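Before any comments, here is the structure.
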Amino acid sequence: MSDKKMVDSITARDENFAKWYTDVVLKSQLVAYSGVRGCMYIHPYGTALWENIRAELDARFKATGHENVMLPLFIPESLLQKEKDHVAGFAPEVAWVTHGGDEELTERLCVRPTSETLFCDYYASVIHSWRDLPKLYNQWANVVRWEKTTRPFLRTMEFFWQEGHTMHETASEAWEETERMLNVYADFAEKALAIPVVKGRKTDKEKFAGAVATYTIEALMHDGQALQAGTSHYFGDGFARAFDINFTGRDNSLQYPHQTSWGMSTRIIGGIIMVHGDDNGLVLPPAVAPVQVIVLPIAQHKPGVLEAAALLKERLEKVCRVKLDDSENSAGWKFAEYEMKGVPLRVEYGPRDIENGVCVVVRRDNREKTIVPIAELEERIPELLQAVHNGLYAKALARREEMTYSAATLPELIKTAKTKPGFIKAMWCGDLACELRLKEDAGVTSRCIPFEQERVAETCVCCGKPAKDMLYWGKAY
């Protein structure tokens, strides 16, 4: 493996992580800043990455019985006000439309920050009997939240996402759905994005506004900060009661359905960048990379090279997303360009390779070179793409383990939080006062109560009372 830096225009990751992130996002041509604060122009390369993420997730949703729908962009203020906890949670982030043309509206319209209220209004008109349930719906949409500070993908005023909203006959079915969709997210993160995640439940302080419970997958970025990568919420029948959604049950009595909601957004692209990227730019997991293999003809001015490279690309189209760069740019420029764009595999193909019936395949994650016989091309390329995925996952998991610590006392946790970026496993009594004190004294928030519990101590790290749960604590984006 070579450590030679091929791209000089990107700030070193360990020198200034925030500047490195911005350099990668802009120079790899994922996005550009628009004239509106917190809104992005998403370039074709960034759009293709999101489209691949969407396709992977959408297939998983449909495999679990979900259907896609499309709901309005605007929410009447009176509709938003029906669920008080929900509207209170989103009030500081809401963008309002007050005029239509030159006329002032009689009722303000909210530009959707999320669609629970819209789905409830819709469900009230389509759910009448237990035979109408479950309703397993998902929406791909853009939403707006008026953020104070913004950063591309990680926190923008407008972003793209999917939001699942389901209704169920019983509480047990809704709880099962909440857990099932969290597991879908975890499976996607690990098997498609090569990002290891911790699955767990949010504390009451950190749960979604209006939810009974929020489940989360938490990922650790290269700099030791956490990213909430996807969430799944159980609402009980609170929204159904507020919106008067009821149905005739099997015993002919009127009942309220039980609701869930779950979502993952373009924020996950920021997660991919910060988990896998390096000083040369993006390192994309093969499952979602817009281009999985780049074919670079070497000494392409020599007779027959471009034609042979085109035939090689044609063969590869059967097994991967492949691009041939036959431009007149230098080989060095091309190497740097596709390093920066994070293409998982680079295939070098020149006169000597053609003569020997082989090509040179270089992995983006570790720059390891493999000589592949052309006769074995269609078999070996998928194997090497899987090897890239496995390598990315193993590296990310090893780094997370290296940056996960335990603390038994408050001074120990404060010292760890100050000197060692990463996750901190510590016990908690369950009291909000202790959770707030840890944020005040150590600068950490509760990331989740993991499903896989450990007893790292017997008492609360903050107050010394008997502990209820082990939590992951940390600083987060």
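Letters for chains follow the order of the structure tokens (A, B, ...), residue numbers begin at 1 for each chain, and ligand numbers begin at 1 in the order shown.
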
### Query
Using only C-alpha atoms, which residues sit within 9 Å of A:Lys334 once same-chain residues fewer than 5 positions away are excluded, as a PyMOL selection string?
chain A and resi 296+325+329+339

Selection from above, C-alpha atoms, as a compact mmCIF listing (two decimals), in the first residue's frame, can you write it?
```txt
# COMPACT_ATOMS: atom_id res chain seq x y z
CA LEU A 296 -8.13 4.05 -17.90
CA ASP A 325 -12.18 7.78 -19.62
CA ASN A 329 -6.13 14.37 -20.06
CA GLU A 339 -9.11 9.00 -6.50
```

#### Entry: Shell of 12 Å around A:Leu311, only C-alpha atoms, local chain residues under 2 positions omitted, as a PyMOL selection string
chain A and resi 295+297+304-309+313-318+323-324+349+354+374+377

Store the residues picked out above, limited to C-alpha atoms, as an mmCIF file, in the first residue's frame.
```
data_model
loop_
_atom_site.group_PDB
_atom_site.id
_atom_site.type_symbol
_atom_site.label_atom_id
_atom_site.label_comp_id
_atom_site.auth_asym_id
_atom_site.auth_seq_id
_atom_site.Cartn_x
_atom_site.Cartn_y
_atom_site.Cartn_z
ATOM 1 C CA VAL A 295 -11.245 2.025 -17.083
ATOM 2 C CA PRO A 297 -6.356 3.290 -21.191
ATOM 3 C CA GLY A 304 -5.445 -0.435 -30.787
ATOM 4 C CA VAL A 305 -5.393 0.700 -27.144
ATOM 5 C CA LEU A 306 -8.622 2.726 -27.174
ATOM 6 C CA GLU A 307 -10.453 0.056 -29.116
ATOM 7 C CA ALA A 308 -9.327 -2.668 -26.700
ATOM 8 C CA ALA A 309 -10.291 -0.527 -23.696
ATOM 9 C CA LYS A 313 -15.645 -1.651 -20.787
ATOM 10 C CA GLU A 314 -18.367 -3.351 -22.820
ATOM 11 C CA ARG A 315 -17.663 -6.622 -21.044
ATOM 12 C CA LEU A 316 -17.647 -4.988 -17.623
ATOM 13 C CA GLU A 317 -21.043 -3.370 -18.207
ATOM 14 C CA LYS A 318 -22.568 -6.803 -17.592
ATOM 15 C CA LYS A 323 -16.948 4.261 -17.128
ATOM 16 C CA LEU A 324 -14.185 4.560 -19.722
ATOM 17 C CA TYR A 349 -5.080 -1.200 -19.582
ATOM 18 C CA ILE A 354 -3.174 -6.200 -24.050
ATOM 19 C CA ILE A 374 -8.890 -10.763 -19.157
ATOM 20 C CA LEU A 377 -12.623 -10.347 -15.814
#
```

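Residue nearest A:Leu413 within the list A:Cys320, A:Ala18, A:Cys460, A:Ala398: A:Cys460 [criterion: smallest interatomic distance, only C-alpha atoms].
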
### Query
In terms of the shortest atom-to-atom distance over only C-alpha atoms, which of A:Glu93, A:Glu173, A:Asp187, A:Asp353 is closest to A:Ile371?
A:Asp353

#### Entry: Separation of atom CA of A:Phe160 from atom CA of A:Pro196 in Å
22.8 Å

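For the choices A:His258, A:Arg400, A:Arg352, A:Arg367, the atom-to-atom distance to A:Ala299 is smallest for A:Arg352 when using only C-alpha atoms.
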
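The closest residue to A:Leu57, picked from A:Lys199, A:Lys207, A:Lys135, A:Lys191 and counting only C-alpha atoms, is A:Lys191.
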
### Task
Return as a PyMOL selection string the full set of residues in stretch 224-386 of chain A whose backbone-based DSSP assignment is strand (DSSP E or B).
chain A and resi 226-236+247-248+254-255+258-265+278+281+293-297+322-324+345-349+358-363+369-373

Selected residues written out with C-alpha atoms, as a short mmCIF file (atom, residue, chain, number, x, y, z; two decimals), in the first residue's frame:
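The resulting file, result-v2.cif, is shown below:
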```cif
data_model
loop_
_atom_site.label_atom_id
_atom_site.label_comp_id
_atom_site.auth_asym_id
_atom_site.auth_seq_id
_atom_site.Cartn_x
_atom_site.Cartn_y
_atom_site.Cartn_z
CA ALA A 226 -21.29 10.55 16.35
CA LEU A 227 -23.86 10.76 13.58
CA GLN A 228 -27.49 9.79 14.03
CA ALA A 229 -27.77 7.88 10.76
CA GLY A 230 -31.41 6.78 10.81
CA THR A 231 -34.36 6.74 13.21
CA SER A 232 -37.56 4.75 13.69
CA HIS A 233 -40.37 6.03 15.93
CA TYR A 234 -43.34 4.46 17.69
CA PHE A 235 -46.18 6.95 18.18
CA GLY A 236 -48.78 4.77 19.86
CA PHE A 247 -61.69 2.33 12.56
CA THR A 248 -64.28 -0.33 13.21
CA LEU A 254 -64.45 2.02 17.32
CA GLN A 255 -60.68 1.85 17.85
CA HIS A 258 -51.19 2.63 16.21
CA GLN A 259 -48.65 4.60 14.21
CA THR A 260 -44.95 4.49 13.31
CA SER A 261 -42.61 6.78 11.42
CA TRP A 262 -39.05 6.26 10.21
CA GLY A 263 -36.58 8.18 8.06
CA MET A 264 -33.13 8.44 6.52
CA SER A 265 -31.90 11.51 4.65
CA ASP A 278 -9.16 10.10 3.20
CA GLY A 281 -10.98 12.64 -1.27
CA VAL A 293 -15.03 0.75 -12.02
CA ILE A 294 -13.11 3.33 -14.05
CA VAL A 295 -11.25 2.03 -17.08
CA LEU A 296 -8.13 4.05 -17.90
CA PRO A 297 -6.36 3.29 -21.19
CA VAL A 322 -18.34 1.19 -15.38
CA LYS A 323 -16.95 4.26 -17.13
CA LEU A 324 -14.18 4.56 -19.72
CA LEU A 345 -11.75 0.11 -8.61
CA ARG A 346 -9.40 1.51 -11.25
CA VAL A 347 -8.57 -0.68 -14.24
CA GLU A 348 -5.35 0.21 -16.08
CA TYR A 349 -5.08 -1.20 -19.58
CA VAL A 358 -4.29 -9.10 -18.48
CA CYS A 359 -5.26 -5.81 -16.87
CA VAL A 360 -4.15 -4.08 -13.68
CA VAL A 361 -6.89 -3.47 -11.10
CA VAL A 362 -6.22 -0.99 -8.29
CA ARG A 363 -8.42 -0.76 -5.17
CA LYS A 369 -2.84 -3.79 -7.22
CA THR A 370 -4.06 -7.07 -8.71
CA ILE A 371 -3.16 -8.53 -12.09
CA VAL A 372 -6.38 -9.96 -13.53
CA PRO A 373 -6.45 -12.19 -16.64
#
```

### Task
Based on DSSP run over this structure's backbone, return all residues of stretch 44-254 of chain A in alpha helix (DSSP H), as a PyMOL selection string.
chain A and resi 44-63+77-80+84-90+116-126+171-191+238-242

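The residue that comes closest to A:Trp130, out of A:Phe208, A:Trp20, A:Tyr256, A:Phe188 and on the basis of only C-alpha atoms, is A:Tyr256.
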
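Distances from A:Ala91, A:Ala213, A:Met167, A:Ile42 to A:Pro134 were compared using only C-alpha atoms, and the smallest one belongs to A:Met167.
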
### Task
Would you mind listing what lies within 7 Å of A:His43 as a ChimeraX atom specification, with only C-alpha atoms counted and same-chain residues fewer than 5 positions away left out?
/A:29-31

### Task
For stretch 427-436 of chain A, work out the shell of residues within 9 Å, counting only C-alpha atoms and skipping chain neighbours fewer than 2 positions away, then give it as a count of residues only.
31
